[in-house]
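Here is the structure we will look at, set down as structure tokens.
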Protein chains: 2
Amino acid sequence: MREIGRLLSRAENGEGATVLGAIATGARAHVVGITGPPGVGKSTLVDKLIEHVRRDGLRVAVLAVDPSSPFSGGAILGDRVRMNRHAADRGVFIRSMAARRALGGLAAATQDAIRVLDAAGYDVIFLETVGVGQNELDVVRAADTVLVLVAPGLGDAIQALKAGVLEIADLFVVNGADRPGADMTMVDLRGMLALGPQHRQTAGWQVPIVDTIATTGQGIERLWAMVRQHRESLDAGGELHVRRRDRIRAHVLDLLFERCRKSLLGALDVDERLRSLLGAASSGRLDPHLAADRIFSQWQPQQVATNSVSAPTRCDRREELTK
Amino acid sequence: MREIGRLLSRAENGEGATVLGAIATGARAHVVGITGPPGVGKSTLVDKLIEHVRRDGLRVAVLAVDPSSPFSGGAILGDRVRMNRHAADRGVFIRSMAARRALGGLAAATQDAIRVLDAAGYDVIFLETVGVGQNELDVVRAADTVLVLVAPGLGDAIQALKAGVLEIADLFVVNGADRPGADMTMVDLRGMLALGPQHRQTAGWQVPIVDTIATTGQGIERLWAMVRQHRESLDAGGELHVRRRDRIRAHVLDLLFERCRKSLLGALDVDERLRSLLGAASSGRLDPHLAADRIFSQWQPQQVATNSVSAPTRCDRREELTK
């Protein structure tokens, strides 16, 4: 566990190439993404899912990623609960990551963390995010199977879902099935699914809507069975291979954009000509678009050090507790 | 109005340099950012604020930006309500923008739209976003004054606020002051403000917490007075100048990163060597970090056409209604 923690820290600090060069690229773990608005019960649901994964004799890791917390790197509340429950179980590994600054970098760091956990032999990796914004979608897109959680009785929740979520959801979960409005929410979701385009549809897979009560565990066993079914369906259709290829492609692009960004900021720092163009724009003497054009055309990209490509995340050393 | 609409469309389609070259850069309008979770009542609040702005004899524009809706470009619900109410008032201009793909691009397009509206003589520009994620923060950061709306009685809302929001909030608004838990939310917020670091603090400005009931208009006059007070406080301390300089700087960087991204994607499209490196990574034959290193070092940035730098947004032509 200590070694995995060290590898993860290094991956998160952007020392990806150095650390990961030796890790085999053949992905085996089932990466399950979980997203949904704050307060919908993601952490509780994951906590309950862990029990079923463990009952199946599988090892499980949780990566809780919080892209909306770039400044504090604030801890994700639910983790503490989970930590207490599963602290004694060596088959469970839990880790939080929060964006420090660059968000393309967070997606890349998440990918690296998944590779480390996969290589470490975890069979299931839960990738949990907060919120349903674009950053959250970018992170959760890295999963083989994506669960989108919805709270019952919130018209706003359905409103907030929008087509971006429809596109990536492999399963919808209405959590809090005992609360008022749950039935209506199920009906609304069914209507949305019937109408909306589903770009990431798997052949032979109808996106199910599962109702759960995470606090009591109701519906979780059925949900876990459907998650495994989705994985089998991906495997059978050859879709798993396609998703993973797309995932690596996106990872490389994230790393590339991060290098560009760093190289450009570095150049603006040291190159007097570029800096004065930026200054002229800032003080209103030069149109921002013209300034960008001129800076870009005069910029000579410099290779940035590979072991400091991106350091956008921090990591709570809470996995120390699980040792 | 028709001409402004045309300029905005062109700005949003990325024809920034062409359109904006002629626009004076001296900003005069008071840009007021409004952010907060979906369903908290942002649209209703803005709608009520418009009344007070108009009573002061000022012209007002609303830019409703939805960064979390990259695929559908779904309309922002509240706009339709406002459109109906203010359709006959030529001193009110309302426009929605939604991210189509690139998000750095959306912040840049928002900046350009603000410049157009400023040059068109609007005294107050409300910049409304949905959600409290990083993208929303990036957009709303462009404002002189930032209002963060909070719903009462939601511990989760406070939880979701996190330090990123603390850093940018100039005023907190607890909307729905008649609902249970409003007092507790005010207390929680006061506690957070007392504890948290406030990086963007204005000299002599204590971040106030205002309680409102947007649906009835209660507290809105007081809120509007405080928004104007904040502007005066910014002016007096010289902070307004600093914020606007930083804003243009961020705008230029957004435009630059967008050019990099476009140029890089274009090169990967046409350059066989780069493409095969990406392919080798995607198929697991090359480490993603090594692939990124090699592609970056072999890449020759090409100037991208300035009038098609970014086309990340779509725009509902609803301003046609206000003509």
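Chain labels A, B, ... are given in the sequence in which chains occur in the structure tokens; within each chain residues are numbered consecutively from 1, and ligands are likewise numbered from 1 in the order shown.
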
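When the distance limit is 6 Å and only C-alpha atoms are what count, the residues near segment 108-125 of chain B, minus those fewer than 5 positions from it on the same chain, are Leu8, Ala11, Glu12, Ala29, His30, Val31, Leu58, Arg59, Val60, Ala61, Val62, His251 and Asp254 of chain B.
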
Could you save the residues just selected, with C-alpha atoms, as a tab-separated table (two decimals), in the first residue's frame?
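Written output follows (out-v2.tsv):
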chain	number	residue	atom	x	y	z
B	8	LEU	CA	-21.99	39.76	-30.78
B	11	ALA	CA	-17.47	37.89	-31.60
B	12	GLU	CA	-18.98	34.59	-30.52
B	29	ALA	CA	-19.66	49.51	-17.97
B	30	HIS	CA	-19.99	47.96	-14.54
B	31	VAL	CA	-19.70	44.20	-15.11
B	58	LEU	CA	-29.15	53.06	-16.56
B	59	ARG	CA	-29.09	50.76	-19.59
B	60	VAL	CA	-28.51	47.11	-18.81
B	61	ALA	CA	-27.36	44.03	-20.70
B	62	VAL	CA	-27.51	40.43	-19.50
B	251	HIS	CA	-8.22	37.16	-22.03
B	254	ASP	CA	-7.15	32.35	-23.25

Residues at most 9 Å from Ala151 of chain A, counting only C-alpha atoms, excluding those fewer than 5 positions away in the same chain, as a ChimeraX atom specification? /A:36-37,39-41,157-158,173-177,179,182,185

Rounded to one decimal, what separation in Å do you get between atom CA of Arg261 of chain B and atom CA of Cys260 of chain A?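 A separation of 8.2 Å between them.
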
Minimum-distance residue to chain B, chosen among A:Glu167, A:Asp211, A:Asp269, A:Glu3 (using only C-alpha atoms):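 For chain B, the nearest of the candidates is A:Glu167.
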
So that I can see what lies close to segment 141-149 of chain A, please list as a ChimeraX atom specification the residues with an atom at most 6 Å from it, counting only C-alpha atoms and leaving out residues fewer than 2 positions away in the same chain. /A:31-36,137-139,169-174,247

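Between Leu253 of chain A and the residues B:Pro288, B:Pro180, B:Gly219, B:Gly238, the shortest atom-to-atom distance, using only C-alpha atoms, involves B:Pro288.
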
Using only C-alpha atoms, which residue out of A:Gly217, A:Ala64, A:Gly91, A:Pro38 lies closest to chain B? A:Pro38

Pick out the closest residue to Val227 of chain A from this set: A:Val207, A:Ile213, A:Val270, A:Ala291. Count only C-alpha atoms.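 Comparing A:Val207, A:Ile213, A:Val270, A:Ala291 against Val227 of chain A, the winner is A:Val207.
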
From segment 121-295 of chain A, collect each residue whose DSSP state is helix (DSSP H, G or I) and return the set as a compact mmCIF listing (two decimals) with N, CA and C atoms, in the first residue's frame.
# COMPACT_ATOMS: atom_id res chain seq x y z
N GLN A 134 -18.62 20.54 -17.04
CA GLN A 134 -17.78 20.02 -18.12
C GLN A 134 -16.53 19.33 -17.57
N ASN A 135 -15.93 19.88 -16.53
CA ASN A 135 -14.71 19.28 -15.98
C ASN A 135 -15.00 17.90 -15.41
N GLU A 136 -16.13 17.79 -14.73
CA GLU A 136 -16.52 16.52 -14.16
C GLU A 136 -16.73 15.50 -15.28
N LEU A 137 -17.39 15.94 -16.34
CA LEU A 137 -17.61 15.05 -17.48
C LEU A 137 -16.28 14.62 -18.09
N ASP A 138 -15.34 15.55 -18.19
CA ASP A 138 -14.03 15.21 -18.76
C ASP A 138 -13.34 14.14 -17.93
N VAL A 139 -13.48 14.25 -16.61
CA VAL A 139 -12.82 13.29 -15.73
C VAL A 139 -13.49 11.92 -15.83
N VAL A 140 -14.83 11.93 -15.75
CA VAL A 140 -15.56 10.67 -15.65
C VAL A 140 -15.60 9.93 -17.00
N GLY A 155 -36.84 19.10 -10.20
CA GLY A 155 -36.94 19.46 -11.62
C GLY A 155 -35.64 20.07 -12.09
N ASP A 156 -35.00 20.81 -11.18
CA ASP A 156 -33.74 21.46 -11.51
C ASP A 156 -32.67 20.45 -11.86
N ALA A 157 -32.72 19.32 -11.15
CA ALA A 157 -31.69 18.30 -11.38
C ALA A 157 -31.79 17.80 -12.82
N ILE A 158 -33.00 17.55 -13.25
CA ILE A 158 -33.21 17.10 -14.63
C ILE A 158 -32.77 18.19 -15.59
N GLN A 159 -33.16 19.40 -15.26
CA GLN A 159 -32.77 20.57 -16.04
C GLN A 159 -31.25 20.65 -16.17
N ALA A 160 -30.58 20.40 -15.04
CA ALA A 160 -29.13 20.55 -15.01
C ALA A 160 -28.42 19.41 -15.74
N LEU A 161 -29.13 18.32 -15.94
CA LEU A 161 -28.49 17.16 -16.55
C LEU A 161 -28.01 17.46 -17.96
N LYS A 162 -28.94 17.99 -18.75
CA LYS A 162 -28.61 18.41 -20.10
C LYS A 162 -28.01 17.28 -20.95
N ALA A 163 -27.74 17.61 -22.16
CA ALA A 163 -27.37 16.58 -23.12
C ALA A 163 -25.96 16.03 -22.88
N GLY A 164 -25.09 16.80 -22.27
CA GLY A 164 -23.73 16.34 -22.04
C GLY A 164 -23.70 15.11 -21.17
N VAL A 165 -24.60 15.08 -20.20
CA VAL A 165 -24.68 13.94 -19.29
C VAL A 165 -25.37 12.77 -19.98
N LEU A 166 -26.40 13.07 -20.74
CA LEU A 166 -27.08 12.01 -21.50
C LEU A 166 -26.08 11.27 -22.38
N GLU A 167 -25.15 12.03 -22.91
CA GLU A 167 -24.19 11.43 -23.83
C GLU A 167 -23.28 10.42 -23.16
N ILE A 168 -22.93 10.67 -21.89
CA ILE A 168 -21.94 9.80 -21.27
C ILE A 168 -22.54 8.77 -20.32
N ALA A 182 -39.81 10.72 -6.51
CA ALA A 182 -38.91 9.76 -7.13
C ALA A 182 -39.54 9.14 -8.38
N ASP A 183 -40.81 8.79 -8.28
CA ASP A 183 -41.49 8.17 -9.42
C ASP A 183 -41.50 9.12 -10.62
N MET A 184 -41.82 10.38 -10.33
CA MET A 184 -41.88 11.39 -11.39
C MET A 184 -40.51 11.56 -12.04
N THR A 185 -39.46 11.54 -11.21
CA THR A 185 -38.10 11.69 -11.74
C THR A 185 -37.76 10.53 -12.68
N MET A 186 -38.17 9.31 -12.27
CA MET A 186 -37.95 8.14 -13.14
C MET A 186 -38.66 8.33 -14.48
N VAL A 187 -39.89 8.83 -14.41
CA VAL A 187 -40.67 9.06 -15.64
C VAL A 187 -39.99 10.11 -16.52
N ASP A 188 -39.56 11.21 -15.88
CA ASP A 188 -38.88 12.28 -16.62
C ASP A 188 -37.62 11.75 -17.32
N LEU A 189 -36.86 10.97 -16.57
CA LEU A 189 -35.62 10.44 -17.13
C LEU A 189 -35.91 9.53 -18.31
N ARG A 190 -36.93 8.68 -18.16
CA ARG A 190 -37.30 7.78 -19.26
C ARG A 190 -37.66 8.58 -20.50
N GLY A 191 -38.38 9.68 -20.26
CA GLY A 191 -38.76 10.55 -21.38
C GLY A 191 -37.54 11.14 -22.06
N MET A 192 -36.58 11.62 -21.23
CA MET A 192 -35.35 12.21 -21.77
C MET A 192 -34.57 11.19 -22.59
N LEU A 193 -34.49 9.97 -22.05
CA LEU A 193 -33.73 8.92 -22.73
C LEU A 193 -34.39 8.55 -24.05
N ALA A 194 -35.71 8.57 -24.06
CA ALA A 194 -36.44 8.22 -25.28
C ALA A 194 -36.22 9.27 -26.37
N LEU A 195 -36.10 10.53 -25.92
CA LEU A 195 -35.97 11.64 -26.87
C LEU A 195 -34.54 11.90 -27.32
N ILE A 220 -28.86 -1.66 -4.17
CA ILE A 220 -27.43 -1.59 -4.49
C ILE A 220 -26.94 -2.89 -5.14
N GLU A 221 -27.44 -4.03 -4.63
CA GLU A 221 -27.02 -5.31 -5.20
C GLU A 221 -27.41 -5.38 -6.67
N ARG A 222 -28.64 -4.94 -6.95
CA ARG A 222 -29.13 -4.95 -8.33
C ARG A 222 -28.29 -3.99 -9.19
N LEU A 223 -27.96 -2.83 -8.62
CA LEU A 223 -27.14 -1.86 -9.34
C LEU A 223 -25.78 -2.45 -9.69
N TRP A 224 -25.16 -3.10 -8.70
CA TRP A 224 -23.84 -3.68 -8.93
C TRP A 224 -23.91 -4.76 -10.02
N ALA A 225 -24.98 -5.55 -10.01
CA ALA A 225 -25.16 -6.58 -11.04
C ALA A 225 -25.25 -5.92 -12.43
N MET A 226 -25.93 -4.79 -12.50
CA MET A 226 -26.08 -4.11 -13.80
C MET A 226 -24.78 -3.48 -14.26
N VAL A 227 -23.98 -3.00 -13.29
CA VAL A 227 -22.67 -2.45 -13.63
C VAL A 227 -21.80 -3.54 -14.26
N ARG A 228 -21.85 -4.73 -13.66
CA ARG A 228 -21.06 -5.84 -14.21
C ARG A 228 -21.59 -6.27 -15.56
N GLN A 229 -22.91 -6.26 -15.70
CA GLN A 229 -23.53 -6.58 -16.98
C GLN A 229 -23.05 -5.63 -18.07
N HIS A 230 -22.94 -4.33 -17.70
CA HIS A 230 -22.50 -3.35 -18.69
C HIS A 230 -21.09 -3.66 -19.15
N ARG A 231 -20.24 -4.02 -18.21
CA ARG A 231 -18.87 -4.38 -18.56
C ARG A 231 -18.86 -5.56 -19.54
N GLU A 232 -19.69 -6.57 -19.26
CA GLU A 232 -19.76 -7.74 -20.15
C GLU A 232 -20.25 -7.35 -21.54
N SER A 233 -21.22 -6.44 -21.54
CA SER A 233 -21.79 -5.98 -22.81
C SER A 233 -20.74 -5.21 -23.63
N LEU A 234 -19.91 -4.42 -22.92
CA LEU A 234 -18.82 -3.70 -23.59
C LEU A 234 -17.82 -4.66 -24.19
N ASP A 235 -17.49 -5.68 -23.40
CA ASP A 235 -16.52 -6.69 -23.82
C ASP A 235 -17.00 -7.41 -25.06
N ALA A 236 -18.26 -7.84 -25.00
CA ALA A 236 -18.83 -8.65 -26.07
C ALA A 236 -18.87 -7.88 -27.39
N GLY A 237 -19.17 -6.59 -27.32
CA GLY A 237 -19.31 -5.81 -28.54
C GLY A 237 -18.02 -5.20 -29.07
N GLU A 239 -16.54 -2.85 -27.73
CA GLU A 239 -16.63 -1.44 -27.37
C GLU A 239 -15.60 -1.06 -26.30
N LEU A 240 -15.29 -2.02 -25.43
CA LEU A 240 -14.32 -1.75 -24.37
C LEU A 240 -12.99 -1.30 -24.96
N HIS A 241 -12.57 -2.02 -25.98
CA HIS A 241 -11.33 -1.71 -26.67
C HIS A 241 -11.37 -0.28 -27.24
N VAL A 242 -12.47 0.06 -27.88
CA VAL A 242 -12.63 1.39 -28.49
C VAL A 242 -12.58 2.48 -27.42
N ARG A 243 -13.31 2.26 -26.33
CA ARG A 243 -13.34 3.27 -25.26
C ARG A 243 -11.95 3.50 -24.69
N ARG A 244 -11.22 2.40 -24.50
CA ARG A 244 -9.90 2.55 -23.90
C ARG A 244 -8.92 3.21 -24.85
N ARG A 245 -9.06 2.95 -26.15
CA ARG A 245 -8.20 3.60 -27.13
C ARG A 245 -8.49 5.11 -27.13
N ASP A 246 -9.76 5.47 -27.13
CA ASP A 246 -10.15 6.88 -27.10
C ASP A 246 -9.65 7.56 -25.82
N ARG A 247 -9.69 6.79 -24.74
CA ARG A 247 -9.25 7.32 -23.45
C ARG A 247 -7.76 7.66 -23.48
N ILE A 248 -6.95 6.77 -24.05
CA ILE A 248 -5.51 7.04 -24.12
C ILE A 248 -5.25 8.23 -25.04
N ARG A 249 -5.98 8.29 -26.15
CA ARG A 249 -5.84 9.40 -27.08
C ARG A 249 -6.11 10.74 -26.37
N ALA A 250 -7.19 10.77 -25.61
CA ALA A 250 -7.53 11.99 -24.86
C ALA A 250 -6.45 12.31 -23.83
N HIS A 251 -5.90 11.26 -23.23
CA HIS A 251 -4.83 11.43 -22.25
C HIS A 251 -3.61 12.09 -22.90
N VAL A 252 -3.20 11.59 -24.05
CA VAL A 252 -2.05 12.16 -24.75
C VAL A 252 -2.33 13.63 -25.10
N LEU A 253 -3.53 13.91 -25.58
CA LEU A 253 -3.87 15.31 -25.93
C LEU A 253 -3.82 16.21 -24.69
N ASP A 254 -4.34 15.72 -23.57
CA ASP A 254 -4.27 16.49 -22.32
C ASP A 254 -2.82 16.80 -21.96
N LEU A 255 -1.97 15.79 -22.07
CA LEU A 255 -0.56 15.98 -21.74
C LEU A 255 0.08 16.99 -22.69
N LEU A 256 -0.30 16.91 -23.96
CA LEU A 256 0.25 17.83 -24.96
C LEU A 256 -0.17 19.27 -24.67
N PHE A 257 -1.47 19.48 -24.38
CA PHE A 257 -1.95 20.83 -24.13
C PHE A 257 -1.28 21.40 -22.89
N GLU A 258 -1.06 20.54 -21.91
CA GLU A 258 -0.40 20.96 -20.69
C GLU A 258 1.03 21.42 -20.99
N ARG A 259 1.73 20.67 -21.86
CA ARG A 259 3.08 21.06 -22.25
C ARG A 259 3.07 22.42 -22.96
N CYS A 260 2.10 22.59 -23.87
CA CYS A 260 1.96 23.86 -24.59
C CYS A 260 1.79 25.02 -23.63
N ARG A 261 0.86 24.82 -22.72
CA ARG A 261 0.52 25.84 -21.75
C ARG A 261 1.74 26.25 -20.94
N LYS A 262 2.43 25.22 -20.45
CA LYS A 262 3.62 25.48 -19.63
C LYS A 262 4.71 26.19 -20.42
N SER A 263 4.91 25.70 -21.63
CA SER A 263 5.96 26.26 -22.46
C SER A 263 5.66 27.72 -22.79
N LEU A 264 4.39 27.99 -23.08
CA LEU A 264 3.96 29.34 -23.42
C LEU A 264 4.09 30.29 -22.23
N LEU A 265 3.64 29.83 -21.06
CA LEU A 265 3.75 30.66 -19.86
C LEU A 265 5.21 30.91 -19.52
N GLY A 266 6.03 29.88 -19.72
CA GLY A 266 7.46 30.02 -19.46
C GLY A 266 8.07 31.07 -20.39
N ALA A 267 7.69 31.02 -21.66
CA ALA A 267 8.21 31.97 -22.65
C ALA A 267 7.78 33.39 -22.30
N LEU A 268 6.53 33.55 -21.88
CA LEU A 268 6.03 34.88 -21.51
C LEU A 268 6.76 35.42 -20.29
N ASP A 269 7.30 34.52 -19.52
CA ASP A 269 8.02 34.89 -18.31
C ASP A 269 9.41 35.43 -18.64
N VAL A 270 10.07 34.80 -19.60
CA VAL A 270 11.47 35.13 -19.83
C VAL A 270 11.72 35.97 -21.08
N GLU A 272 11.40 38.97 -23.32
CA GLU A 272 11.04 40.38 -23.14
C GLU A 272 10.06 40.86 -24.20
N ARG A 273 10.28 40.42 -25.45
CA ARG A 273 9.39 40.84 -26.55
C ARG A 273 7.95 40.38 -26.31
N LEU A 274 7.83 39.10 -25.96
CA LEU A 274 6.49 38.55 -25.72
C LEU A 274 5.84 39.24 -24.54
N ARG A 275 6.62 39.46 -23.50
CA ARG A 275 6.09 40.07 -22.29
C ARG A 275 5.58 41.48 -22.56
N SER A 276 6.29 42.21 -23.41
CA SER A 276 5.87 43.59 -23.67
C SER A 276 4.59 43.61 -24.52
N LEU A 277 4.40 42.61 -25.38
CA LEU A 277 3.15 42.52 -26.13
C LEU A 277 1.97 42.29 -25.19
N LEU A 278 2.18 41.39 -24.22
CA LEU A 278 1.13 41.12 -23.24
C LEU A 278 0.85 42.38 -22.41
N GLY A 279 1.91 43.07 -22.05
CA GLY A 279 1.76 44.30 -21.28
C GLY A 279 0.99 45.38 -22.04
N ALA A 280 1.27 45.48 -23.35
CA ALA A 280 0.58 46.47 -24.18
C ALA A 280 -0.91 46.19 -24.22
N ALA A 281 -1.27 44.90 -24.30
CA ALA A 281 -2.69 44.54 -24.31
C ALA A 281 -3.32 44.85 -22.95
N SER A 282 -2.64 44.45 -21.88
CA SER A 282 -3.18 44.64 -20.53
C SER A 282 -3.47 46.10 -20.22
N PRO A 288 -6.51 42.75 -27.71
CA PRO A 288 -6.14 41.43 -27.19
C PRO A 288 -5.93 40.38 -28.28
N HIS A 289 -6.76 40.45 -29.32
CA HIS A 289 -6.63 39.46 -30.40
C HIS A 289 -5.34 39.66 -31.19
N LEU A 290 -5.00 40.93 -31.45
CA LEU A 290 -3.75 41.20 -32.16
C LEU A 290 -2.57 40.79 -31.30
N ALA A 291 -2.65 41.06 -30.00
CA ALA A 291 -1.57 40.67 -29.09
C ALA A 291 -1.38 39.16 -29.12
N ALA A 292 -2.48 38.42 -29.05
CA ALA A 292 -2.39 36.96 -29.07
C ALA A 292 -1.77 36.48 -30.37
N ASP A 293 -2.20 37.07 -31.49
CA ASP A 293 -1.63 36.70 -32.80
C ASP A 293 -0.12 36.90 -32.81
N ARG A 294 0.30 38.08 -32.36
CA ARG A 294 1.73 38.41 -32.43
C ARG A 294 2.55 37.53 -31.49
N ILE A 295 2.04 37.33 -30.29
CA ILE A 295 2.78 36.48 -29.34
C ILE A 295 2.90 35.06 -29.91

Could you pull out the strand (DSSP E) residues of segment 116-288 of chain B from DSSP and send them as a PyMOL selection string? chain B and resi 124-129+145-150+171-175+209-212

Those same residues, written as an mmCIF file, in the first residue's frame with N, CA and C atoms?
data_model
loop_
_atom_site.group_PDB
_atom_site.id
_atom_site.type_symbol
_atom_site.label_atom_id
_atom_site.label_comp_id
_atom_site.auth_asym_id
_atom_site.auth_seq_id
_atom_site.Cartn_x
_atom_site.Cartn_y
_atom_site.Cartn_z
ATOM 1 N N VAL B 124 -24.584 48.819 -17.231
ATOM 2 C CA VAL B 124 -24.426 47.665 -16.346
ATOM 3 C C VAL B 124 -24.533 46.410 -17.197
ATOM 4 N N ILE B 125 -23.592 45.486 -16.997
ATOM 5 C CA ILE B 125 -23.668 44.201 -17.699
ATOM 6 C C ILE B 125 -23.721 43.094 -16.649
ATOM 7 N N PHE B 126 -24.856 42.389 -16.601
ATOM 8 C CA PHE B 126 -24.940 41.234 -15.710
ATOM 9 C C PHE B 126 -24.404 40.012 -16.444
ATOM 10 N N LEU B 127 -23.437 39.382 -15.824
ATOM 11 C CA LEU B 127 -22.818 38.188 -16.397
ATOM 12 C C LEU B 127 -23.238 37.027 -15.501
ATOM 13 N N GLU B 128 -24.201 36.254 -15.989
ATOM 14 C CA GLU B 128 -24.796 35.209 -15.151
ATOM 15 C C GLU B 128 -24.304 33.853 -15.601
ATOM 16 N N THR B 129 -23.851 33.011 -14.647
ATOM 17 C CA THR B 129 -23.451 31.658 -15.025
ATOM 18 C C THR B 129 -24.259 30.648 -14.232
ATOM 19 N N THR B 145 -17.591 43.041 -10.146
ATOM 20 C CA THR B 145 -18.239 42.692 -8.883
ATOM 21 C C THR B 145 -18.852 41.307 -9.038
ATOM 22 N N VAL B 146 -18.559 40.415 -8.107
ATOM 23 C CA VAL B 146 -19.082 39.050 -8.217
ATOM 24 C C VAL B 146 -20.045 38.747 -7.070
ATOM 25 N N LEU B 147 -21.292 38.404 -7.433
ATOM 26 C CA LEU B 147 -22.277 37.954 -6.445
ATOM 27 C C LEU B 147 -22.322 36.430 -6.466
ATOM 28 N N VAL B 148 -22.234 35.824 -5.296
ATOM 29 C CA VAL B 148 -22.401 34.375 -5.207
ATOM 30 C C VAL B 148 -23.702 34.087 -4.473
ATOM 31 N N LEU B 149 -24.614 33.390 -5.151
ATOM 32 C CA LEU B 149 -25.909 33.073 -4.560
ATOM 33 C C LEU B 149 -25.859 31.728 -3.850
ATOM 34 N N VAL B 150 -26.507 31.674 -2.695
ATOM 35 C CA VAL B 150 -26.544 30.454 -1.900
ATOM 36 C C VAL B 150 -27.998 30.185 -1.526
ATOM 37 N N LEU B 171 -19.818 39.743 -2.898
ATOM 38 C CA LEU B 171 -21.028 39.743 -2.070
ATOM 39 C C LEU B 171 -21.616 38.341 -2.070
ATOM 40 N N PHE B 172 -22.073 37.896 -0.907
ATOM 41 C CA PHE B 172 -22.856 36.667 -0.851
ATOM 42 C C PHE B 172 -24.337 37.019 -0.738
ATOM 43 N N VAL B 173 -25.157 36.273 -1.452
ATOM 44 C CA VAL B 173 -26.601 36.490 -1.386
ATOM 45 C C VAL B 173 -27.257 35.182 -0.971
ATOM 46 N N VAL B 174 -27.918 35.187 0.190
ATOM 47 C CA VAL B 174 -28.717 34.033 0.591
ATOM 48 C C VAL B 174 -30.134 34.295 0.072
ATOM 49 N N ASN B 175 -30.474 33.621 -1.015
ATOM 50 C CA ASN B 175 -31.766 33.867 -1.656
ATOM 51 C C ASN B 175 -32.795 32.850 -1.164
ATOM 52 N N ILE B 209 -23.049 39.714 3.484
ATOM 53 C CA ILE B 209 -23.981 38.621 3.212
ATOM 54 C C ILE B 209 -25.383 39.228 3.204
ATOM 55 N N VAL B 210 -26.012 39.209 2.048
ATOM 56 C CA VAL B 210 -27.304 39.863 1.886
ATOM 57 C C VAL B 210 -28.380 38.795 1.772
ATOM 58 N N ASP B 211 -29.497 38.972 2.502
ATOM 59 C CA ASP B 211 -30.596 38.018 2.342
ATOM 60 C C ASP B 211 -31.692 38.617 1.476
ATOM 61 N N THR B 212 -32.150 37.816 0.534
ATOM 62 C CA THR B 212 -33.166 38.286 -0.414
ATOM 63 C C THR B 212 -34.256 37.224 -0.584
#
